[in-house]
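Heads up, the thing below is written out as structure tokens.
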Amino acid sequence: MEALKEKVEEEEAAEQEAEAQQVERGEKMMQPQRMRRKGTVMTPEMLRDLEKKLLGIEITTPEKPLIITKDTIDVSKLPPSYQSNTAEEEHLLEVADNFSRQYSHLCPDRVPLFLYPLNECQVPKFVSTTIRPTLMPYPELYNWDGCAQFVADFLSMEPLADPLKPPSHLYSSTTVLAYQKGNCFDFSTLLCSLLIGSGYDAYCVNGYGSQDLCLMDLTREPCPLTVKTQEALWEKEASPPKKYAVRPPRDLTSRFEQEQEKKKQEKIKAEEERRQREEVEQLQGLESANADPLHGLRVHSWVLVLSGKREVPESFFIDPFTARSYSPQDDHFLGIESLWNHKNYWVNMQDCWNYCKDLIFDLGDAVKWEYLLLGTDKPHLSMVEEEDDNLNDDYDVENLGKEDDDKCFDMPHSWVEQLEISPEVFETRCPNGMKVIQYKMAKLEKWAPYLNSNGLVCRLTTYKDSECTKTVEVKEWYQNREDMLELRHINKVTGLIIDYFKPGHPQALRVHSYKSMQPEMDHVMEFYKTVRVDGLIRREETPKTMTEHYEGRPDFLSYRLVNFGSRVKKITLNNTESNPRPVLKITERFFRNPAKPADEDVAERVFLILEERIQLRYHCRENHITASKREFLRRTEVDSKGNKIIMTPDMCSSFEVEPSEHTKKLLYQYETMMQLKKEEKLCRHQAWESELEVLEILKLREEEEEAHALTISIYDTKRNEKSKEYREARERVMHEEHLQQMEAQLDYLAPFLAQLPPGEKLTRWQAIHVKEECLSDFKQRLIDKANLIQARFEKETQELQKKQQWYQENQVTLTAEDEDLYLSYCSQAMFRIRILEQRLNRHKELAPLKYMALEEKLCKDPRLAELLKAFV
């Protein structure tokens, strides 16, 4: 601190000298200007022109960032615990003040402790009571990395007003969550509250950090987004080494040329290393030139997580600004003054000459960590010798309770209200739904889900230079896409685009790499093999070839290569069926089929379309180094009489490891060639279908990119239109049912009272007449309903009898289908008759009860009750 004061005094003296020199220069410069002003006279026209010019000048004032202050917070809406202290809190403040005075007296060279800053209501609150342990109802906030990432994304960083001192105010986490802004102490308090609520042994730390750490400067740090998508590249399975193998041919390349090429490569490599070394030295020079003059003095707050709880193996630091975890050995953390949790406060009594590398975080050691309250759950080290214990046992037993009663004091409960984060706020995450972080040669952009119409939630842009002017590659992450697009990797140098899809795409796409969406260009498509029926897992297309890889097929096909010729007409999306590319060659490879002998199991077959040849290569037998081969000429020849020659011995040439008699027969060769012709036709058809499928996929991908529709969960009632329509329909039905109930409760005497003169009071005889008319009308309705049910019952019975009579007359000539129709009709008719019979019986039982209920209701009606009393 003394060195800091001397430095500040020197800077003030230098500033005063500079101001004095500027004043002297200003007086010297003003003298010739005064002399000039005496000689020039401003005319009215000159004054008007000067006024116009001055009015035309627009002065733009820079906007100040919104900082949470006492003026921006509505204190009236805060609860009473924010605006005053309880008796326990006042007692705690007295204990803390006494502790602070003793500490300042014993350690005069140490800075004052950060114990009871003011809150948003200008009320001093102890730092431990500002922590409110809370377990959030979100699975992402159960682990420390999820909590740290949420705090780093949700809040906007504000630097400390004085980088050399802790803040004078420490706001509650509820206020920080409401305004989404805060300094490092606000970040640490919120993160510590979440971690303690999740079961971690976490502490807020008041210490010193590097300039990059305090100012959240990540331009010198690499981007932590190091998770790379695993590209499913096709790798041919390495065949096991054979016991007997043919010796490879002799290498006839020139050794001199190889040496020259090696020297050339070494020279290029040395040049590249020298260039990289120069860049590193240049960066180190810039960093040394921009050395922080306040190194080791900048105040910073972070979170310490001790080992033990939640299966944490080692203690580590968490920077709340970046959500990164650091080892206590890291050079970014330069020292610790104190730390606290929701139960106690500890002061570091260890020397930080070697930063935090040599600190021991045993909070039970009173020599290394001075605690504020005795009521700590940390174990204390027993430093008393056994002899002293034996001599003072009686004294300790007598005074143990008294000392504990005098010194033990439990930490009051937190004055902060319960932390709450709504699902909408948790989903939005970043302030205004967007956040940009600049890293070393990279830029990371984050968006809230559904904020972008195309579902983009994250973009990582990598640059070639440190000025971030030359883009190398771009990675984009998507969510909630209907086409299941998850990641897009764009290489700006080569122009290659790679799309990664989650399971569920209509075409079972997993990866699609391309440079252009135009057909018959370079495309690589990978599929989910468990979804496709044909077992296709990879397809590679170039302007002249198409390569397909299969797995798990019943015919053991593993590879197909189709070579195309040049098309005469130009390709379009509509004329592919009528104008296919000419097929020149088809190569197929097969896995080993253990059900067949090796000499009959084809390993590779090649259809040479233009040459009209078919080549077969069979699998090699075990302990053999050569495999059987066979070649067919499928051209048709004509003899001297003009007849077609279907098969001749010259049309088949073969090499067999172990020849057999049946393979030499012409009939066997003829059947094999006929089968191969069918296979060739089928292969050409499958190649044509593959072309059509590629065009269909490309067309679908273009439509998906144009639409980029998003999926909405049925539980998201705010965004899901179908759920909203369903909810509105239910409300409409409920409203209609309510209206029907209201109509059912209408006045049953209204039709009969309307027949009487309006405005006149009912007489006794009129009341009797209204009652009899109402009862007779109701009785007639019951009779009509019974007659209607009886009529329907009789009608159904007659129709069933007629149908049965018809069946008796035509039973002999009926078909099985007619009998089934008759039985179905009889079953339905009996069901209707049974229902009508039940309704009629129920009506007969309920009709008298309904009549008596209406009569009782009429007698109790207030309009008729007084007039009908004499007749009851």
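Letters A, B, ... mark the chains of the structure tokens in the order given; residue numbers begin at 1 per chain; ligand numbers begin at 1, in order shown.
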
Which polymer residues have any atom within 8 Å of an atom of stretch 420-430 of chain A, counting only C-alpha atoms, with same-chain residues fewer than 5 positions away left out, as a list of chain:residue names?
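So the residues in contact are A:Met136, A:Phe150, A:Asp153, A:Phe154, A:Leu155, A:Thr174, A:Lys435, A:Lys446, A:Trp447, A:Ala448, A:Pro449.
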
Atoms to include: C-alpha atoms. Write the selected residues as a short mmCIF file (atom, residue, chain, number, x, y, z; two decimals), in the first residue's frame.
data_model
loop_
_atom_site.label_atom_id
_atom_site.label_comp_id
_atom_site.auth_asym_id
_atom_site.auth_seq_id
_atom_site.Cartn_x
_atom_site.Cartn_y
_atom_site.Cartn_z
CA MET A 136 -33.16 -24.12 -9.36
CA PHE A 150 -25.71 -19.60 -17.07
CA ASP A 153 -24.34 -15.78 -20.31
CA PHE A 154 -27.18 -14.21 -18.35
CA LEU A 155 -25.35 -11.18 -16.91
CA THR A 174 -32.64 -10.73 -7.07
CA LYS A 435 -24.21 -12.15 -26.72
CA LYS A 446 -24.85 -16.72 -29.05
CA TRP A 447 -28.60 -16.30 -29.55
CA ALA A 448 -31.63 -17.45 -27.62
CA PRO A 449 -33.71 -20.29 -29.14
#

Could you give me the residues within stretch 210-368 of chain A that DSSP places in strand (DSSP E or B), as a VMD selection string?
chain A and resid 299 to 305 316 to 319 324 to 326 333 to 340 345 to 348

Can you tell me, as a ChimeraX atom specification, what residues are no more than 9 Å from A:Leu113 when counting only C-alpha atoms, ignoring any on the same chain fewer than 3 positions away?
/A:100,103-104,110,116,337-338,347

For N, CA, C and O atoms, I'd like the residues from the last selection saved as a compact mmCIF listing (two decimals), in the first residue's frame.
# COMPACT_ATOMS: atom_id res chain seq x y z
N SER A 100 -13.02 -6.11 12.47
CA SER A 100 -12.29 -5.27 11.52
C SER A 100 -11.31 -4.36 12.24
O SER A 100 -10.16 -4.16 11.78
N TYR A 103 -8.41 -6.42 13.42
CA TYR A 103 -7.58 -6.82 12.27
C TYR A 103 -6.71 -5.64 11.80
O TYR A 103 -5.52 -5.81 11.50
N SER A 104 -7.30 -4.44 11.73
CA SER A 104 -6.53 -3.28 11.30
C SER A 104 -5.42 -2.95 12.29
O SER A 104 -4.34 -2.47 11.91
N ARG A 110 -2.11 -4.36 5.93
CA ARG A 110 -3.11 -5.01 5.07
C ARG A 110 -4.23 -4.02 4.75
O ARG A 110 -4.54 -3.11 5.52
N TYR A 116 -19.06 -5.46 5.27
CA TYR A 116 -20.48 -5.07 5.27
C TYR A 116 -20.70 -3.89 4.32
O TYR A 116 -20.88 -2.76 4.74
N GLU A 337 -7.36 -12.04 -0.29
CA GLU A 337 -7.50 -11.32 0.97
C GLU A 337 -8.43 -12.07 1.93
O GLU A 337 -8.12 -12.26 3.09
N SER A 338 -9.60 -12.48 1.42
CA SER A 338 -10.58 -13.14 2.28
C SER A 338 -11.53 -13.94 1.42
O SER A 338 -11.57 -13.77 0.19
N VAL A 347 -10.31 -14.90 6.79
CA VAL A 347 -9.27 -13.99 6.31
C VAL A 347 -8.01 -14.80 6.07
O VAL A 347 -7.59 -15.61 6.91

So what do you get for atom CA of A:Val111 versus atom CA of A:Phe361, distance-wise?
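Computed distance, atom CA of A:Val111 to atom CA of A:Phe361, equals 20.9 Å.
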
Neighbours of stretch 414-417 of chain A within 8 Å (only C-alpha atoms; same-chain residues fewer than 6 positions away dropped), as an NGL selection string?
:A and (81-82 or 128-132 or 172-174 or 342)

Can you list, as a ChimeraX atom specification, all residues belonging to stretch 93-269 of chain A that DSSP tags as helix (DSSP H, G or I)?
/A:93-106,127-130,139-141,144-154,173-179,184-197,211-214,255-269

Please report the interatomic distance between atom CA of A:Ile336 and atom CA of A:Asp292 in Å with one decimal.
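Pair atom CA of A:Ile336 / atom CA of A:Asp292 returns 19.2 Å.
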
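The space between atom CA of A:Asn623 and atom CA of A:Cys652 spans 27.4 Å.
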
Skip stretch 712-726 of chain A itself and residues of its chain fewer than 3 positions away, then list as an NGL selection string all residues within 10 Å of it, counting only C-alpha atoms.
:A and (450 or 480-482 or 709 or 729-732)

Let me see the file: selected residues, all heavy atoms, as a PDB file, in the first residue's frame.
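Saved the output as out.pdb:
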ATOM      1  N   TYR A 450     -35.246 -19.745 -30.907  1.00  0.00           N
ATOM      2  CA  TYR A 450     -36.381 -19.134 -31.596  1.00  0.00           C
ATOM      3  C   TYR A 450     -36.196 -17.630 -31.836  1.00  0.00           C
ATOM      4  O   TYR A 450     -37.114 -16.973 -32.330  1.00  0.00           O
ATOM      5  CB  TYR A 450     -37.687 -19.350 -30.824  1.00  0.00           C
ATOM      6  CG  TYR A 450     -38.070 -20.792 -30.661  1.00  0.00           C
ATOM      7  CD1 TYR A 450     -37.876 -21.446 -29.455  1.00  0.00           C
ATOM      8  CD2 TYR A 450     -38.616 -21.516 -31.715  1.00  0.00           C
ATOM      9  CE1 TYR A 450     -38.221 -22.778 -29.287  1.00  0.00           C
ATOM     10  CE2 TYR A 450     -38.965 -22.852 -31.570  1.00  0.00           C
ATOM     11  CZ  TYR A 450     -38.767 -23.476 -30.354  1.00  0.00           C
ATOM     12  OH  TYR A 450     -39.107 -24.793 -30.209  1.00  0.00           O
ATOM     13  N   ASN A 480     -34.006 -26.901 -32.893  1.00  0.00           N
ATOM     14  CA  ASN A 480     -35.450 -26.916 -33.187  1.00  0.00           C
ATOM     15  C   ASN A 480     -35.749 -26.818 -34.679  1.00  0.00           C
ATOM     16  O   ASN A 480     -36.774 -26.263 -35.082  1.00  0.00           O
ATOM     17  CB  ASN A 480     -36.165 -25.777 -32.450  1.00  0.00           C
ATOM     18  CG  ASN A 480     -35.876 -25.763 -30.967  1.00  0.00           C
ATOM     19  OD1 ASN A 480     -35.967 -26.792 -30.309  1.00  0.00           O
ATOM     20  ND2 ASN A 480     -35.518 -24.601 -30.437  1.00  0.00           N
ATOM     21  N   ARG A 481     -34.866 -27.333 -35.518  1.00  0.00           N
ATOM     22  CA  ARG A 481     -35.104 -27.308 -36.965  1.00  0.00           C
ATOM     23  C   ARG A 481     -35.927 -28.523 -37.360  1.00  0.00           C
ATOM     24  O   ARG A 481     -35.693 -29.643 -36.873  1.00  0.00           O
ATOM     25  CB  ARG A 481     -33.775 -27.325 -37.717  1.00  0.00           C
ATOM     26  CG  ARG A 481     -32.936 -26.081 -37.547  1.00  0.00           C
ATOM     27  CD  ARG A 481     -33.136 -25.097 -38.632  1.00  0.00           C
ATOM     28  NE  ARG A 481     -32.817 -25.615 -39.942  1.00  0.00           N
ATOM     29  CZ  ARG A 481     -32.343 -24.872 -40.941  1.00  0.00           C
ATOM     30  NH1 ARG A 481     -32.114 -23.582 -40.751  1.00  0.00           N
ATOM     31  NH2 ARG A 481     -32.117 -25.386 -42.127  1.00  0.00           N
ATOM     32  N   GLU A 482     -36.874 -28.326 -38.262  1.00  0.00           N
ATOM     33  CA  GLU A 482     -37.666 -29.457 -38.753  1.00  0.00           C
ATOM     34  C   GLU A 482     -36.821 -30.403 -39.593  1.00  0.00           C
ATOM     35  O   GLU A 482     -37.094 -31.598 -39.640  1.00  0.00           O
ATOM     36  CB  GLU A 482     -38.854 -28.934 -39.567  1.00  0.00           C
ATOM     37  CG  GLU A 482     -40.009 -28.446 -38.710  1.00  0.00           C
ATOM     38  CD  GLU A 482     -41.256 -28.214 -39.520  1.00  0.00           C
ATOM     39  OE1 GLU A 482     -41.196 -28.384 -40.763  1.00  0.00           O
ATOM     40  OE2 GLU A 482     -42.285 -27.857 -38.943  1.00  0.00           O
ATOM     41  N   ALA A 709     -38.130 -24.059 -41.472  1.00  0.00           N
ATOM     42  CA  ALA A 709     -39.191 -24.112 -40.468  1.00  0.00           C
ATOM     43  C   ALA A 709     -38.653 -24.688 -39.165  1.00  0.00           C
ATOM     44  O   ALA A 709     -37.724 -25.503 -39.147  1.00  0.00           O
ATOM     45  CB  ALA A 709     -40.355 -24.958 -40.971  1.00  0.00           C
ATOM     46  N   ALA A 729     -60.358 -23.725 -28.719  1.00  0.00           N
ATOM     47  CA  ALA A 729     -61.538 -24.535 -29.025  1.00  0.00           C
ATOM     48  C   ALA A 729     -62.162 -25.078 -27.738  1.00  0.00           C
ATOM     49  O   ALA A 729     -63.390 -25.094 -27.587  1.00  0.00           O
ATOM     50  CB  ALA A 729     -61.150 -25.682 -29.959  1.00  0.00           C
ATOM     51  N   ARG A 730     -61.331 -25.515 -26.793  1.00  0.00           N
ATOM     52  CA  ARG A 730     -61.855 -26.007 -25.519  1.00  0.00           C
ATOM     53  C   ARG A 730     -62.569 -24.893 -24.756  1.00  0.00           C
ATOM     54  O   ARG A 730     -63.639 -25.104 -24.169  1.00  0.00           O
ATOM     55  CB  ARG A 730     -60.719 -26.567 -24.672  1.00  0.00           C
ATOM     56  CG  ARG A 730     -60.174 -27.899 -25.161  1.00  0.00           C
ATOM     57  CD  ARG A 730     -59.259 -28.518 -24.135  1.00  0.00           C
ATOM     58  NE  ARG A 730     -59.963 -28.762 -22.886  1.00  0.00           N
ATOM     59  CZ  ARG A 730     -59.351 -29.219 -21.785  1.00  0.00           C
ATOM     60  NH1 ARG A 730     -58.058 -29.479 -21.794  1.00  0.00           N
ATOM     61  NH2 ARG A 730     -60.039 -29.429 -20.679  1.00  0.00           N
ATOM     62  N   GLU A 731     -61.978 -23.711 -24.779  1.00  0.00           N
ATOM     63  CA  GLU A 731     -62.640 -22.589 -24.106  1.00  0.00           C
ATOM     64  C   GLU A 731     -63.967 -22.263 -24.770  1.00  0.00           C
ATOM     65  O   GLU A 731     -64.951 -21.922 -24.094  1.00  0.00           O
ATOM     66  CB  GLU A 731     -61.718 -21.368 -24.123  1.00  0.00           C
ATOM     67  CG  GLU A 731     -60.470 -21.541 -23.263  1.00  0.00           C
ATOM     68  CD  GLU A 731     -59.539 -20.355 -23.379  1.00  0.00           C
ATOM     69  OE1 GLU A 731     -59.850 -19.449 -24.195  1.00  0.00           O
ATOM     70  OE2 GLU A 731     -58.508 -20.327 -22.680  1.00  0.00           O
ATOM     71  N   ARG A 732     -64.015 -22.373 -26.110  1.00  0.00           N
ATOM     72  CA  ARG A 732     -65.261 -22.107 -26.821  1.00  0.00           C
ATOM     73  C   ARG A 732     -66.331 -23.137 -26.456  1.00  0.00           C
ATOM     74  O   ARG A 732     -67.503 -22.789 -26.236  1.00  0.00           O
ATOM     75  CB  ARG A 732     -64.999 -22.119 -28.333  1.00  0.00           C
ATOM     76  CG  ARG A 732     -66.085 -21.486 -29.155  1.00  0.00           C
ATOM     77  CD  ARG A 732     -65.772 -21.580 -30.645  1.00  0.00           C
ATOM     78  NE  ARG A 732     -64.442 -21.090 -30.936  1.00  0.00           N
ATOM     79  CZ  ARG A 732     -63.448 -21.833 -31.373  1.00  0.00           C
ATOM     80  NH1 ARG A 732     -63.629 -23.146 -31.548  1.00  0.00           N
ATOM     81  NH2 ARG A 732     -62.265 -21.310 -31.638  1.00  0.00           N
TER      82      ARG A 732
END

Kindly indicate which residue among A:Tyr463, A:Phe632, A:Trp144, A:Tyr171 lies nearest to A:Glu671, using only C-alpha atoms for the distances.
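Looking at the shortest contact to A:Glu671, the residue is A:Phe632.
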
With only C-alpha atoms as the counted atoms, please give the residues lying no more than 10 Å from A:Leu800, apart from itself and same-chain residues fewer than 5 positions off, as a ChimeraX atom specification.
/A:794-795,805-806,825-826,829-830,833

Save out the residues we just selected, C-alpha atoms, as a short mmCIF file (atom, residue, chain, number, x, y, z; two decimals), in the first residue's frame.
data_model
loop_
_atom_site.label_atom_id
_atom_site.label_comp_id
_atom_site.auth_asym_id
_atom_site.auth_seq_id
_atom_site.Cartn_x
_atom_site.Cartn_y
_atom_site.Cartn_z
CA GLU A 794 -91.60 -51.01 -33.59
CA LYS A 795 -90.03 -49.82 -36.84
CA GLN A 805 -88.16 -63.51 -43.70
CA TRP A 806 -86.09 -62.56 -46.76
CA TYR A 825 -77.16 -56.31 -40.28
CA CYS A 826 -78.88 -58.53 -37.73
CA ALA A 829 -80.38 -54.17 -35.68
CA MET A 830 -80.46 -56.15 -32.44
CA ILE A 833 -83.57 -52.58 -30.66
#

Counting only C-alpha atoms, which residue out of A:Leu864, A:Met517, A:Leu536, A:Leu419 sits closest to A:Glu703?
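Of A:Leu864, A:Met517, A:Leu536, A:Leu419, the one nearest A:Glu703 is A:Met517, counting only C-alpha atoms.
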
Show which residues sit within 10 Å of A:Met411, as an mmCIF file with all heavy atoms, in the first residue's frame. Count only C-alpha atoms, and ignore same-chain residues fewer than 3 positions away.
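Written file, out25.cif:
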data_model
loop_
_atom_site.group_PDB
_atom_site.id
_atom_site.type_symbol
_atom_site.label_atom_id
_atom_site.label_comp_id
_atom_site.auth_asym_id
_atom_site.auth_seq_id
_atom_site.Cartn_x
_atom_site.Cartn_y
_atom_site.Cartn_z
ATOM 1 N N GLU A 88 -30.541 -9.504 15.076
ATOM 2 C CA GLU A 88 -29.414 -10.417 14.853
ATOM 3 C C GLU A 88 -28.422 -9.812 13.858
ATOM 4 O O GLU A 88 -27.200 -9.934 14.038
ATOM 5 C CB GLU A 88 -29.929 -11.754 14.337
ATOM 6 C CG GLU A 88 -30.722 -12.545 15.366
ATOM 7 C CD GLU A 88 -31.153 -13.891 14.828
ATOM 8 O OE1 GLU A 88 -30.940 -14.131 13.619
ATOM 9 O OE2 GLU A 88 -31.699 -14.707 15.595
ATOM 10 N N GLU A 89 -28.932 -9.175 12.812
ATOM 11 C CA GLU A 89 -28.039 -8.562 11.828
ATOM 12 C C GLU A 89 -27.278 -7.390 12.435
ATOM 13 O O GLU A 89 -26.081 -7.191 12.131
ATOM 14 C CB GLU A 89 -28.847 -8.109 10.610
ATOM 15 C CG GLU A 89 -29.375 -9.262 9.773
ATOM 16 C CD GLU A 89 -30.225 -8.783 8.605
ATOM 17 O OE1 GLU A 89 -30.804 -7.675 8.685
ATOM 18 O OE2 GLU A 89 -30.316 -9.535 7.622
ATOM 19 N N LEU A 92 -24.573 -8.862 14.421
ATOM 20 C CA LEU A 92 -23.526 -9.357 13.520
ATOM 21 C C LEU A 92 -22.665 -8.219 13.006
ATOM 22 O O LEU A 92 -21.432 -8.349 12.897
ATOM 23 C CB LEU A 92 -24.159 -10.128 12.356
ATOM 24 C CG LEU A 92 -23.197 -10.653 11.290
ATOM 25 C CD1 LEU A 92 -22.226 -11.660 11.900
ATOM 26 C CD2 LEU A 92 -23.965 -11.312 10.151
ATOM 27 N N PHE A 126 -24.015 -7.656 5.935
ATOM 28 C CA PHE A 126 -22.841 -8.517 5.971
ATOM 29 C C PHE A 126 -22.809 -9.378 4.701
ATOM 30 O O PHE A 126 -23.844 -9.846 4.221
ATOM 31 C CB PHE A 126 -22.865 -9.388 7.216
ATOM 32 C CG PHE A 126 -21.569 -10.082 7.484
ATOM 33 C CD1 PHE A 126 -20.440 -9.367 7.840
ATOM 34 C CD2 PHE A 126 -21.460 -11.461 7.364
ATOM 35 C CE1 PHE A 126 -19.237 -10.004 8.094
ATOM 36 C CE2 PHE A 126 -20.265 -12.107 7.603
ATOM 37 C CZ PHE A 126 -19.149 -11.375 7.964
ATOM 38 N N SER A 128 -21.848 -12.363 4.018
ATOM 39 C CA SER A 128 -22.311 -13.754 4.082
ATOM 40 C C SER A 128 -23.825 -13.847 4.000
ATOM 41 O O SER A 128 -24.365 -14.827 3.472
ATOM 42 C CB SER A 128 -21.816 -14.413 5.372
ATOM 43 O OG SER A 128 -20.409 -14.521 5.372
ATOM 44 N N THR A 129 -24.544 -12.841 4.551
ATOM 45 C CA THR A 129 -26.009 -12.868 4.493
ATOM 46 C C THR A 129 -26.528 -12.482 3.117
ATOM 47 O O THR A 129 -27.723 -12.636 2.854
ATOM 48 C CB THR A 129 -26.587 -11.922 5.546
ATOM 49 O OG1 THR A 129 -26.111 -10.582 5.302
ATOM 50 C CG2 THR A 129 -26.181 -12.352 6.936
ATOM 51 N N HIS A 342 -22.172 -18.742 3.126
ATOM 52 C CA HIS A 342 -23.373 -18.307 3.824
ATOM 53 C C HIS A 342 -23.323 -18.589 5.322
ATOM 54 O O HIS A 342 -24.276 -18.252 6.041
ATOM 55 C CB HIS A 342 -24.596 -18.998 3.221
ATOM 56 C CG HIS A 342 -24.586 -20.496 3.377
ATOM 57 N ND1 HIS A 342 -23.599 -21.288 2.826
ATOM 58 C CD2 HIS A 342 -25.422 -21.348 4.038
ATOM 59 C CE1 HIS A 342 -23.838 -22.551 3.127
ATOM 60 N NE2 HIS A 342 -24.929 -22.621 3.864
ATOM 61 N N LYS A 343 -22.202 -19.176 5.812
ATOM 62 C CA LYS A 343 -22.108 -19.529 7.225
ATOM 63 C C LYS A 343 -21.010 -18.795 7.974
ATOM 64 O O LYS A 343 -21.129 -18.588 9.184
ATOM 65 C CB LYS A 343 -21.884 -21.042 7.376
ATOM 66 C CG LYS A 343 -23.063 -21.890 6.918
ATOM 67 C CD LYS A 343 -22.782 -23.362 7.165
ATOM 68 C CE LYS A 343 -23.979 -24.218 6.758
ATOM 69 N NZ LYS A 343 -23.737 -25.656 6.994
ATOM 70 N N ASN A 344 -19.928 -18.392 7.298
ATOM 71 C CA ASN A 344 -18.813 -17.780 8.010
ATOM 72 C C ASN A 344 -17.962 -16.966 7.055
ATOM 73 O O ASN A 344 -18.184 -16.972 5.832
ATOM 74 C CB ASN A 344 -17.963 -18.856 8.699
ATOM 75 C CG ASN A 344 -17.290 -18.336 9.956
ATOM 76 O OD1 ASN A 344 -17.134 -17.131 10.141
ATOM 77 N ND2 ASN A 344 -16.908 -19.244 10.840
ATOM 78 N N TYR A 345 -16.952 -16.296 7.656
ATOM 79 C CA TYR A 345 -16.046 -15.413 6.918
ATOM 80 C C TYR A 345 -14.631 -15.727 7.372
ATOM 81 O O TYR A 345 -14.364 -15.830 8.580
ATOM 82 C CB TYR A 345 -16.400 -13.956 7.228
ATOM 83 C CG TYR A 345 -15.669 -12.927 6.410
ATOM 84 C CD1 TYR A 345 -16.232 -12.394 5.256
ATOM 85 C CD2 TYR A 345 -14.414 -12.462 6.791
ATOM 86 C CE1 TYR A 345 -15.559 -11.434 4.515
ATOM 87 C CE2 TYR A 345 -13.739 -11.507 6.056
ATOM 88 C CZ TYR A 345 -14.321 -11.003 4.921
ATOM 89 O OH TYR A 345 -13.668 -10.050 4.169
ATOM 90 N N LEU A 373 -16.583 -16.113 12.970
ATOM 91 C CA LEU A 373 -17.514 -16.698 13.926
ATOM 92 C C LEU A 373 -17.022 -18.072 14.350
ATOM 93 O O LEU A 373 -16.400 -18.803 13.570
ATOM 94 C CB LEU A 373 -18.918 -16.816 13.316
ATOM 95 C CG LEU A 373 -19.548 -15.511 12.813
ATOM 96 C CD1 LEU A 373 -20.920 -15.788 12.224
ATOM 97 C CD2 LEU A 373 -19.659 -14.493 13.939
ATOM 98 N N LEU A 374 -17.348 -18.415 15.603
ATOM 99 C CA LEU A 374 -16.974 -19.730 16.100
ATOM 100 C C LEU A 374 -17.892 -20.818 15.569
ATOM 101 O O LEU A 374 -17.515 -21.976 15.504
ATOM 102 C CB LEU A 374 -17.024 -19.746 17.633
ATOM 103 C CG LEU A 374 -15.807 -19.160 18.348
ATOM 104 C CD1 LEU A 374 -16.048 -19.143 19.847
ATOM 105 C CD2 LEU A 374 -14.552 -19.946 18.040
ATOM 106 N N GLY A 375 -19.092 -20.473 15.187
ATOM 107 C CA GLY A 375 -20.056 -21.474 14.748
ATOM 108 C C GLY A 375 -19.803 -21.943 13.340
ATOM 109 O O GLY A 375 -20.651 -21.834 12.474
ATOM 110 N N THR A 376 -18.614 -22.434 13.067
ATOM 111 C CA THR A 376 -18.268 -22.923 11.735
ATOM 112 C C THR A 376 -18.290 -24.442 11.724
ATOM 113 O O THR A 376 -17.997 -25.090 12.724
ATOM 114 C CB THR A 376 -16.876 -22.412 11.313
ATOM 115 O OG1 THR A 376 -16.509 -23.014 10.077
ATOM 116 C CG2 THR A 376 -15.834 -22.762 12.350
ATOM 117 N N CYS A 408 -19.911 -18.104 20.814
ATOM 118 C CA CYS A 408 -20.562 -18.743 19.660
ATOM 119 C C CYS A 408 -21.722 -17.878 19.185
ATOM 120 O O CYS A 408 -22.536 -17.415 20.001
ATOM 121 C CB CYS A 408 -21.046 -20.132 20.045
ATOM 122 S SG CYS A 408 -21.763 -21.030 18.647
ATOM 123 N N SER A 414 -30.268 -15.349 5.384
ATOM 124 C CA SER A 414 -30.059 -14.365 4.324
ATOM 125 C C SER A 414 -31.239 -13.403 4.237
ATOM 126 O O SER A 414 -32.400 -13.796 4.358
ATOM 127 C CB SER A 414 -29.865 -15.076 2.986
ATOM 128 O OG SER A 414 -29.722 -14.133 1.943
#

Smallest atom-to-atom distance to A:Gln438: which of A:Glu656, A:Glu728, A:Glu661, A:Glu467, using only C-alpha atoms?
A:Glu467
